[in-house]
$ cat input_2.txt   # compact mmCIF, C-alpha atoms
# COMPACT_ATOMS: atom_id res chain seq x y z
CA MET A 760 29.87 1.17 4.88
CA ASP A 761 29.16 -1.55 2.30
CA ASP A 762 26.77 -1.21 -0.64
CA VAL A 763 23.98 -3.25 0.98
CA VAL A 764 23.86 -1.05 4.07
CA ARG A 765 24.12 2.14 2.01
CA ASN A 766 21.35 1.07 -0.39
CA ASN A 767 19.06 0.07 2.48
CA ILE A 768 19.57 3.41 4.20
CA GLU A 769 19.05 5.46 1.06
CA ARG A 770 15.85 3.62 0.19
CA PHE A 771 14.10 5.81 2.78
CA SER A 772 15.47 9.18 1.72
CA GLY A 773 13.21 11.97 0.53
CA PHE A 774 9.78 10.98 1.87
CA ALA A 775 10.06 11.25 5.64
CA LYS A 776 7.08 13.62 5.91
CA LEU A 777 4.82 11.34 3.84
CA TYR A 778 5.97 8.35 5.91
CA ASP A 779 5.33 10.17 9.18
CA THR A 780 1.87 11.34 8.06
CA TYR A 781 0.43 8.04 6.92
CA ARG A 782 2.24 5.13 8.56
CA PRO A 783 0.52 3.79 11.70
CA GLU A 784 2.08 4.50 15.09
CA ALA A 785 3.30 1.48 17.04
CA PRO A 786 0.20 0.00 18.71
CA LYS A 787 -0.40 -0.07 22.44
CA THR A 788 -0.49 -3.88 22.33
CA VAL A 789 3.26 -3.94 21.58
CA ARG A 790 4.04 -1.99 24.74
CA GLU A 791 1.71 -4.10 26.86
CA LEU A 792 3.21 -7.35 25.58
CA LEU A 793 6.82 -6.31 26.04
CA ILE A 794 6.23 -4.94 29.53
CA ALA A 795 4.57 -8.28 30.40
CA TYR A 796 7.59 -10.30 29.21
CA LEU A 797 10.07 -7.89 30.80
CA GLY A 798 8.09 -8.13 34.06
CA LYS A 799 8.18 -4.40 34.78
CA LYS A 800 8.11 -1.03 33.09
CA PRO A 801 11.40 -0.38 31.30
CA ASP A 802 13.91 2.20 32.44
CA THR A 803 15.55 2.49 29.00
CA VAL A 804 14.21 1.55 25.56
CA VAL A 805 16.33 1.48 22.39
CA ASP A 806 14.39 1.56 19.12
CA LEU A 807 16.53 0.38 16.19
CA GLY A 808 15.68 1.70 12.73
CA SER A 809 13.44 4.22 14.43
CA GLY A 810 12.56 6.13 11.25
CA THR A 811 10.45 9.19 12.01
CA GLY A 812 9.82 8.05 15.57
CA LEU A 813 6.41 6.41 15.08
CA SER A 814 7.67 3.42 17.05
CA THR A 815 9.78 5.49 19.47
CA PHE A 816 7.53 8.21 20.86
CA PRO A 817 4.84 5.87 22.29
CA TRP A 818 7.43 4.67 24.84
CA ARG A 819 7.99 8.14 26.29
CA HIS A 820 5.23 7.66 28.87
CA GLU A 821 6.48 4.18 29.84
CA ALA A 822 10.25 4.64 30.21
CA ARG A 823 12.63 7.12 31.79
CA SER A 824 14.82 7.21 28.67
CA VAL A 825 13.96 6.35 25.05
CA ILE A 826 16.63 6.24 22.35
CA GLY A 827 15.86 6.02 18.65
CA VAL A 828 18.75 4.81 16.48
CA GLU A 829 18.28 5.78 12.83
CA PRO A 830 20.91 5.91 10.05
CA ASN A 831 18.83 7.86 7.52
CA ASP A 832 19.31 11.61 7.93
CA ASP A 833 15.90 12.59 6.49
CA MET A 834 14.00 10.22 8.76
CA ARG A 835 16.00 11.20 11.83
CA ALA A 836 15.54 14.93 11.18
CA GLN A 837 11.76 14.44 10.95
CA ALA A 838 11.83 12.57 14.26
CA GLU A 839 13.86 15.31 15.92
CA ARG A 840 11.39 17.97 14.75
CA ARG A 841 8.51 15.99 16.19
CA ALA A 842 10.37 15.52 19.49
CA MET A 843 10.65 19.29 19.79
CA ASP A 844 6.98 19.78 18.93
CA LEU A 845 5.94 17.22 21.55
CA GLY A 846 8.35 18.47 24.18
CA ALA A 847 9.55 14.87 24.52
CA ASP A 848 12.61 15.60 26.66
CA ASN A 849 13.25 11.94 27.48
CA VAL A 850 13.44 10.89 23.82
CA THR A 851 16.75 11.10 21.97
CA PHE A 852 17.60 10.22 18.38
CA LEU A 853 21.09 9.05 17.44
CA GLN A 854 22.76 8.31 14.12
CA GLY A 855 23.81 4.69 13.97
CA VAL A 856 23.37 1.27 12.42
CA SER A 857 22.19 -1.97 13.98
CA THR A 858 25.61 -3.62 13.86
CA ALA A 859 27.21 -0.75 15.80
CA ILE A 860 24.57 0.52 18.24
CA PRO A 861 25.73 3.78 19.86
CA CYS A 862 24.84 2.60 23.38
CA SER A 863 26.92 1.14 26.18
CA ASP A 864 26.91 -2.48 27.33
CA ALA A 865 23.90 -3.66 29.36
CA SER A 866 22.24 -0.26 29.15
CA ALA A 867 18.72 -1.11 27.88
CA ASP A 868 15.77 -3.09 29.17
CA LEU A 869 14.12 -3.29 25.75
CA VAL A 870 15.47 -3.16 22.21
CA THR A 871 12.81 -2.95 19.50
CA CYS A 872 12.74 -3.08 15.71
CA SER A 873 9.48 -1.86 14.19
CA GLN A 874 9.17 -2.58 10.46
CA SER A 875 12.97 -2.54 10.33
CA PHE A 876 14.65 -5.84 11.26
CA HIS A 877 14.34 -7.17 7.69
CA TRP A 878 16.66 -4.34 6.56
CA MET A 879 19.39 -5.49 8.98
CA ASP A 880 21.95 -8.28 8.77
CA PRO A 881 20.33 -10.44 11.46
CA GLN A 882 23.13 -12.24 13.28
CA PRO A 883 25.55 -9.29 13.71
CA THR A 884 22.54 -7.19 14.73
CA LEU A 885 21.43 -9.72 17.34
CA ARG A 886 24.93 -9.86 18.82
CA GLU A 887 24.84 -6.07 19.22
CA VAL A 888 21.34 -6.25 20.69
CA ALA A 889 22.49 -8.81 23.25
CA ARG A 890 25.45 -6.57 24.15
CA VAL A 891 23.16 -3.59 24.78
CA LEU A 892 20.46 -5.50 26.67
CA ARG A 893 20.59 -5.93 30.42
CA PRO A 894 20.19 -9.48 31.80
CA GLY A 895 16.52 -10.38 31.50
CA GLY A 896 16.03 -7.70 28.84
CA VAL A 897 13.77 -8.25 25.85
CA PHE A 898 14.35 -7.87 22.11
CA ALA A 899 11.35 -7.54 19.80
CA ALA A 900 11.08 -7.33 16.03
CA TYR A 901 7.55 -6.58 14.88
CA ASP A 902 5.94 -5.87 11.53
CA CYS A 903 2.50 -5.41 10.08
CA ASP A 904 1.49 -7.21 6.92
CA TRP A 905 1.11 -5.22 3.71
CA PRO A 906 -1.41 -4.41 2.50
CA PRO A 907 -3.60 -3.73 5.54
CA SER A 908 -6.92 -5.56 5.25
CA CYS A 909 -9.84 -3.54 3.93
CA CYS A 910 -11.77 -5.08 1.06
CA LEU A 911 -11.10 -7.09 -2.08
CA GLU A 912 -10.78 -4.22 -4.54
CA ALA A 913 -8.59 -1.96 -2.36
CA ASP A 914 -6.32 -4.81 -1.23
CA ALA A 915 -5.89 -6.10 -4.79
CA ALA A 916 -5.06 -2.61 -6.06
CA TYR A 917 -2.46 -2.18 -3.29
CA GLU A 918 -0.80 -5.51 -4.10
CA THR A 919 -0.74 -4.70 -7.82
CA LEU A 920 1.00 -1.38 -7.16
CA LEU A 921 3.69 -2.94 -4.94
CA GLN A 922 4.30 -5.77 -7.38
CA SER A 923 4.59 -3.34 -10.28
CA ALA A 924 7.08 -1.16 -8.39
CA GLU A 925 9.19 -4.16 -7.40
CA ALA A 926 9.17 -5.53 -10.95
CA SER A 927 10.20 -2.17 -12.36
CA ILE A 928 13.09 -1.92 -9.88
CA ARG A 929 14.30 -5.41 -10.82
CA ARG A 930 14.18 -4.55 -14.53
CA HIS A 931 15.69 -1.08 -14.49
CA VAL A 932 17.94 -0.76 -11.43
CA PRO A 933 21.35 -2.48 -11.39
CA GLU A 934 21.46 -5.21 -8.75
CA ARG A 935 24.37 -3.54 -6.94
CA GLU A 936 22.15 -0.47 -6.39
CA GLN A 937 19.13 -2.37 -5.08
CA ALA A 938 18.21 -2.64 -1.41
CA ARG A 939 18.35 -6.04 0.27
CA LYS A 940 15.72 -7.46 2.59
CA TRP A 941 16.10 -10.48 4.87
CA PRO A 942 12.92 -12.66 5.05
CA LYS A 943 10.53 -11.57 7.76
CA GLU A 944 9.26 -15.12 8.16
CA GLN A 945 12.74 -16.12 9.37
CA HIS A 946 12.93 -13.53 12.18
CA LEU A 947 12.04 -16.01 14.93
CA ASP A 948 14.46 -18.61 13.54
CA GLN A 949 17.22 -15.99 13.49
CA ILE A 950 16.55 -15.07 17.13
CA ARG A 951 16.69 -18.73 18.17
CA ALA A 952 19.72 -19.53 16.00
CA SER A 953 21.73 -16.74 17.63
CA GLY A 954 21.88 -18.69 20.89
CA LEU A 955 21.74 -15.39 22.77
CA PHE A 956 18.21 -15.65 24.18
CA SER A 957 16.82 -18.08 26.75
CA PHE A 958 13.25 -17.75 25.46
CA ALA A 959 11.79 -16.80 22.09
CA LYS A 960 8.32 -16.81 20.57
CA GLU A 961 6.02 -15.20 18.01
CA VAL A 962 2.86 -13.28 18.92
CA VAL A 963 0.23 -12.29 16.35
CA PHE A 964 -2.54 -9.73 16.75
CA HIS A 965 -4.43 -7.11 14.79
CA VAL A 966 -5.50 -3.51 15.27
CA GLU A 967 -8.74 -2.18 13.79
CA THR A 968 -9.19 1.42 12.72
CA ARG A 969 -11.17 3.42 10.18
CA LEU A 970 -9.57 5.18 7.23
CA ARG A 971 -10.61 7.30 4.31
CA ALA A 972 -9.29 6.74 0.80
CA ASP A 973 -6.56 9.39 1.12
CA ALA A 974 -5.07 7.67 4.16
CA PHE A 975 -5.12 4.22 2.56
CA ILE A 976 -3.48 5.66 -0.55
CA GLY A 977 -0.88 7.48 1.55
CA ILE A 978 0.12 4.27 3.31
CA ALA A 979 0.76 2.58 -0.03
CA LEU A 980 2.72 5.55 -1.36
CA SER A 981 4.91 5.44 1.77
CA GLN A 982 6.20 2.00 0.82
CA GLY A 983 9.91 1.98 0.03
CA GLN A 984 9.63 0.29 -3.36
CA VAL A 985 7.06 2.82 -4.58
CA GLN A 986 9.18 5.75 -3.47
CA SER A 987 12.32 4.19 -4.97
CA ALA A 988 10.56 3.82 -8.31
CA LEU A 989 9.27 7.40 -8.14
CA ARG A 990 12.65 8.85 -7.17
CA ARG A 991 14.29 7.11 -10.11
CA ARG A 992 11.42 8.05 -12.45
CA LEU A 993 11.08 4.45 -13.55
CA PRO A 994 8.83 3.77 -16.55
CA ASP A 995 5.07 3.55 -15.92
CA ILE A 996 5.21 4.08 -12.14
CA GLU A 997 3.14 7.28 -12.29
CA GLN A 998 0.50 5.55 -14.43
CA GLU A 999 0.47 2.62 -11.98
CA ILE A 1000 -0.09 5.03 -9.08
CA LEU A 1001 -2.93 6.78 -10.91
CA ALA A 1002 -4.61 3.44 -11.62
CA PHE A 1003 -4.18 2.44 -7.96
CA GLU A 1004 -5.68 5.69 -6.67
CA THR A 1005 -8.66 5.37 -9.02
CA ARG A 1006 -9.44 1.83 -7.81
CA VAL A 1007 -9.08 2.75 -4.13
CA ARG A 1008 -11.29 5.83 -4.38
CA ALA A 1009 -13.96 3.76 -6.10
CA ALA A 1010 -13.75 1.15 -3.33
CA PHE A 1011 -13.92 3.68 -0.46
CA GLY A 1012 -16.37 6.18 -1.92
CA ASP A 1013 -16.70 9.43 0.02
CA GLY A 1014 -16.65 7.95 3.50
CA ASP A 1015 -14.35 5.88 5.66
CA ARG A 1016 -14.08 2.11 5.97
CA PRO A 1017 -12.83 -0.30 8.62
CA VAL A 1018 -9.21 -1.35 8.06
CA TRP A 1019 -7.29 -4.03 9.96
CA PHE A 1020 -3.52 -3.96 10.49
CA SER A 1021 -2.21 -7.48 11.15
CA TYR A 1022 0.97 -7.61 13.27
CA ARG A 1023 3.57 -10.32 13.85
CA LEU A 1024 5.87 -9.77 16.82
CA ARG A 1025 8.92 -11.98 17.41
CA LEU A 1026 10.62 -11.61 20.77
CA GLY A 1027 13.64 -12.97 22.58
CA VAL A 1028 14.52 -12.72 26.29
CA LYS A 1029 18.17 -12.41 27.33
CA PRO A 1030 19.07 -14.84 30.14
CA ARG A 1031 18.89 -13.27 33.58
CA ASP A 1032 22.23 -14.84 34.51
CA ALA A 1033 23.96 -13.53 31.35
CA ALA A 1034 27.29 -11.83 31.90
CA THR A 1035 27.24 -8.07 31.53

$ encode --input "input_2.txt" --output "structure tokens"
Amino acid sequence: MDDVVRNNIERFSGFAKLYDTYRPEAPKTVRELLIAYLGKKPDTVVDLGSGTGLSTFPWRHEARSVIGVEPNDDMRAQAERRAMDLGADNVTFLQGVSTAIPCSDASADLVTCSQSFHWMDPQPTLREVARVLRPGGVFAAYDCDWPPSCCLEADAAYETLLQSAEASIRRHVPEREQARKWPKEQHLDQIRASGLFSFAKEVVFHVETRLRADAFIGIALSQGQVQSALRRRLPDIEQEILAFETRVRAAFGDGDRPVWFSYRLRLGVKPRDAAT
């Protein structure tokens, strides 16, 4: 395992419970869209970079078999605990990386990456995805924008915290120990450039909910750069978090507020006449 893969995996160690508590579950719109492009309900779904299962479990009522592939032990253990609590017998979590998916050829109708494709080397990943997909199968990489949209003061505080954490990591962490992200805005171009899909497009939508201050704060604290800075005890990160929490609580007051999560979904369809 090279340093980039190892650093990307370790970025998510130590805060699986926080992540699972505050991150939004994959929205229903994702399932509806992918079923529409597949043309039927899937028999088997593979969720790459499945984390704590927030993007995996919603498929359990749509598919006969759902497989989450997650390389981080903390995240995968949290997902396995939740599977037991839910009695989700058709959901399985496997250790694995996107360039060596632990699934057989042409075994999945859908392969999804929720908030995860930017942590993967895109072209080797897409070759593995195409190997695992059945002819006519669909690949989807989808992300929500950070911060979620609430109001000027809360959004600005969120952005300031993330920028401060990123800047601190760049200053204090050796480059060889830093995680690497591939640009999300290039996801659709990567899918098309692979030459493995007969159709590709981007779909954008949003989901509205209501949150209290604690939930909005928890989402920000679940971001990888914030947790990396905390884990390494980088200078000023605790003061930055305190300032962020103060601004958000002032913006929310004692009640809840509407919050919008904006999603961008990039999908590719494997040719129906592709060799298996």

$ residues_around --input "input_2.txt" --residues "His820 in chain A" --least-positions-apart "5" --cutoff "12 Å" --atoms "only C-alpha atoms" --output "list in words"
Lys787, Arg790, Lys800, Pro801, Asp802, Thr803, Val804, Thr815, Val825, Ala847, Asp848, Asn849 and Val850 of chain A

$ closest_residue --input "input_2.txt" --among "A:Asp1032, A:Glu1004, A:Asp868, A:Asp902" --to "Tyr796 in chain A" --atoms "only C-alpha atoms"
A:Asp868

$ closest_atom_pairs --input "input_2.txt" --of "range 865-932 of chain A" --to "range 940-943 of chain A" --cutoff "8 Å" --atoms "only C-alpha atoms" --output "Markdown table"
| residue | atom | partner | partner_atom | distance |
| --- | --- | --- | --- | --- |
| A:Phe876 | CA | A:Lys943 | CA | 7.9 |
| A:His877 | CA | A:Trp941 | CA | 4.7 |
| A:Trp878 | CA | A:Lys940 | CA | 5.1 |
| A:Met879 | CA | A:Trp941 | CA | 7.3 |
| A:Asp880 | CA | A:Trp941 | CA | 7.4 |
| A:Pro881 | CA | A:Trp941 | CA | 7.8 |

$ write_last_selection --input "input_2.txt" --atoms "C-alpha atoms" --output "PDB file, in the coordinates of the input"
ATOM      1  CA  PHE A 876      14.650  -5.840  11.260  1.00  0.00           C
ATOM      2  CA  HIS A 877      14.340  -7.170   7.690  1.00  0.00           C
ATOM      3  CA  TRP A 878      16.660  -4.340   6.560  1.00  0.00           C
ATOM      4  CA  MET A 879      19.390  -5.490   8.980  1.00  0.00           C
ATOM      5  CA  ASP A 880      21.950  -8.280   8.770  1.00  0.00           C
ATOM      6  CA  PRO A 881      20.330 -10.440  11.460  1.00  0.00           C
TER       7      PRO A 881
END

$ residues_around --input "input_2.txt" --residues "Leu920 in chain A" --least-positions-apart "3" --cutoff "7 Å" --atoms "only C-alpha atoms" --output "list in words"
Ala916, Tyr917, Ser923, Ala924, Glu999, Ile1000 and Phe1003 of chain A

$ write_last_selection --input "input_2.txt" --atoms "C-alpha atoms" --output "CSV table (one decimal), keeping the file's coordinate frame"
chain,number,residue,atom,x,y,z
A,916,ALA,CA,-5.1,-2.6,-6.1
A,917,TYR,CA,-2.5,-2.2,-3.3
A,923,SER,CA,4.6,-3.3,-10.3
A,924,ALA,CA,7.1,-1.2,-8.4
A,999,GLU,CA,0.5,2.6,-12.0
A,1000,ILE,CA,-0.1,5.0,-9.1
A,1003,PHE,CA,-4.2,2.4,-8.0

$ atom_distance --input "input_2.txt" --atom1 "CA of Ser987 in chain A" --atom2 "CA of Pro786 in chain A"
26.9 Å

$ decode --input "input_2.txt" --residues "range 906-917 of chain A" --atoms "all heavy atoms" --output "PDB file, in the first residue's frame"
ATOM      1  N   PRO A 906     -19.896  24.128   2.950  1.00  0.00           N
ATOM      2  CA  PRO A 906     -20.863  23.752   3.968  1.00  0.00           C
ATOM      3  C   PRO A 906     -22.268  23.597   3.393  1.00  0.00           C
ATOM      4  O   PRO A 906     -22.556  24.109   2.311  1.00  0.00           O
ATOM      5  CB  PRO A 906     -20.826  24.951   4.929  1.00  0.00           C
ATOM      6  CG  PRO A 906     -20.508  26.110   4.039  1.00  0.00           C
ATOM      7  CD  PRO A 906     -19.555  25.566   3.010  1.00  0.00           C
ATOM      8  N   PRO A 907     -23.164  22.903   4.129  1.00  0.00           N
ATOM      9  CA  PRO A 907     -24.577  22.952   3.743  1.00  0.00           C
ATOM     10  C   PRO A 907     -25.060  24.393   3.862  1.00  0.00           C
ATOM     11  O   PRO A 907     -24.455  25.205   4.563  1.00  0.00           O
ATOM     12  CB  PRO A 907     -25.254  22.036   4.773  1.00  0.00           C
ATOM     13  CG  PRO A 907     -24.314  21.995   5.939  1.00  0.00           C
ATOM     14  CD  PRO A 907     -22.941  22.147   5.369  1.00  0.00           C
ATOM     15  N   SER A 908     -26.129  24.716   3.172  1.00  0.00           N
ATOM     16  CA  SER A 908     -26.602  26.100   3.122  1.00  0.00           C
ATOM     17  C   SER A 908     -27.596  26.370   4.241  1.00  0.00           C
ATOM     18  O   SER A 908     -28.597  25.684   4.368  1.00  0.00           O
ATOM     19  CB  SER A 908     -27.260  26.376   1.765  1.00  0.00           C
ATOM     20  OG  SER A 908     -26.334  26.153   0.716  1.00  0.00           O
ATOM     21  N   CYS A 909     -27.285  27.391   5.043  1.00  0.00           N
ATOM     22  CA  CYS A 909     -28.155  27.732   6.165  1.00  0.00           C
ATOM     23  C   CYS A 909     -28.412  29.233   6.194  1.00  0.00           C
ATOM     24  O   CYS A 909     -29.502  29.702   5.914  1.00  0.00           O
ATOM     25  CB  CYS A 909     -27.513  27.255   7.467  1.00  0.00           C
ATOM     26  SG  CYS A 909     -28.427  27.747   8.941  1.00  0.00           S
ATOM     27  N   CYS A 910     -27.391  29.986   6.549  1.00  0.00           N
ATOM     28  CA  CYS A 910     -27.495  31.441   6.595  1.00  0.00           C
ATOM     29  C   CYS A 910     -26.075  31.997   6.536  1.00  0.00           C
ATOM     30  O   CYS A 910     -25.095  31.265   6.703  1.00  0.00           O
ATOM     31  CB  CYS A 910     -28.213  31.911   7.864  1.00  0.00           C
ATOM     32  SG  CYS A 910     -27.360  31.464   9.401  1.00  0.00           S
ATOM     33  N   LEU A 911     -25.976  33.277   6.325  1.00  0.00           N
ATOM     34  CA  LEU A 911     -24.666  33.902   6.093  1.00  0.00           C
ATOM     35  C   LEU A 911     -23.694  33.629   7.228  1.00  0.00           C
ATOM     36  O   LEU A 911     -22.561  33.185   7.008  1.00  0.00           O
ATOM     37  CB  LEU A 911     -24.842  35.410   5.897  1.00  0.00           C
ATOM     38  CG  LEU A 911     -23.549  36.222   5.719  1.00  0.00           C
ATOM     39  CD1 LEU A 911     -22.762  35.734   4.510  1.00  0.00           C
ATOM     40  CD2 LEU A 911     -23.878  37.701   5.596  1.00  0.00           C
ATOM     41  N   GLU A 912     -24.098  33.884   8.461  1.00  0.00           N
ATOM     42  CA  GLU A 912     -23.172  33.781   9.585  1.00  0.00           C
ATOM     43  C   GLU A 912     -22.720  32.342   9.819  1.00  0.00           C
ATOM     44  O   GLU A 912     -21.527  32.080  10.011  1.00  0.00           O
ATOM     45  CB  GLU A 912     -23.819  34.338  10.858  1.00  0.00           C
ATOM     46  CG  GLU A 912     -22.897  34.355  12.077  1.00  0.00           C
ATOM     47  CD  GLU A 912     -21.684  35.260  11.928  1.00  0.00           C
ATOM     48  OE1 GLU A 912     -21.668  36.126  11.021  1.00  0.00           O
ATOM     49  OE2 GLU A 912     -20.732  35.098  12.710  1.00  0.00           O
ATOM     50  N   ALA A 913     -23.652  31.377   9.779  1.00  0.00           N
ATOM     51  CA  ALA A 913     -23.282  29.982  10.017  1.00  0.00           C
ATOM     52  C   ALA A 913     -22.412  29.442   8.885  1.00  0.00           C
ATOM     53  O   ALA A 913     -21.413  28.747   9.128  1.00  0.00           O
ATOM     54  CB  ALA A 913     -24.539  29.127  10.168  1.00  0.00           C
ATOM     55  N   ASP A 914     -22.778  29.763   7.634  1.00  0.00           N
ATOM     56  CA  ASP A 914     -21.982  29.284   6.500  1.00  0.00           C
ATOM     57  C   ASP A 914     -20.571  29.866   6.532  1.00  0.00           C
ATOM     58  O   ASP A 914     -19.588  29.157   6.282  1.00  0.00           O
ATOM     59  CB  ASP A 914     -22.649  29.681   5.184  1.00  0.00           C
ATOM     60  CG  ASP A 914     -23.926  28.907   4.914  1.00  0.00           C
ATOM     61  OD1 ASP A 914     -24.479  28.320   5.863  1.00  0.00           O
ATOM     62  OD2 ASP A 914     -24.375  28.906   3.762  1.00  0.00           O
ATOM     63  N   ALA A 915     -20.466  31.151   6.827  1.00  0.00           N
ATOM     64  CA  ALA A 915     -19.148  31.797   6.868  1.00  0.00           C
ATOM     65  C   ALA A 915     -18.286  31.211   7.982  1.00  0.00           C
ATOM     66  O   ALA A 915     -17.078  30.995   7.809  1.00  0.00           O
ATOM     67  CB  ALA A 915     -19.312  33.300   7.050  1.00  0.00           C
ATOM     68  N   ALA A 916     -18.893  30.920   9.127  1.00  0.00           N
ATOM     69  CA  ALA A 916     -18.154  30.329  10.238  1.00  0.00           C
ATOM     70  C   ALA A 916     -17.640  28.943   9.862  1.00  0.00           C
ATOM     71  O   ALA A 916     -16.497  28.573  10.182  1.00  0.00           O
ATOM     72  CB  ALA A 916     -19.045  30.242  11.473  1.00  0.00           C
ATOM     73  N   TYR A 917     -18.469  28.165   9.178  1.00  0.00           N
ATOM     74  CA  TYR A 917     -18.100  26.816   8.730  1.00  0.00           C
ATOM     75  C   TYR A 917     -16.905  26.894   7.781  1.00  0.00           C
ATOM     76  O   TYR A 917     -15.919  26.164   7.925  1.00  0.00           O
ATOM     77  CB  TYR A 917     -19.311  26.202   8.033  1.00  0.00           C
ATOM     78  CG  TYR A 917     -19.324  24.714   7.831  1.00  0.00           C
ATOM     79  CD1 TYR A 917     -20.333  23.933   8.400  1.00  0.00           C
ATOM     80  CD2 TYR A 917     -18.384  24.074   7.031  1.00  0.00           C
ATOM     81  CE1 TYR A 917     -20.392  22.562   8.189  1.00  0.00           C
ATOM     82  CE2 TYR A 917     -18.443  22.707   6.815  1.00  0.00           C
ATOM     83  CZ  TYR A 917     -19.444  21.957   7.389  1.00  0.00           C
ATOM     84  OH  TYR A 917     -19.517  20.598   7.167  1.00  0.00           O
TER      85      TYR A 917
END
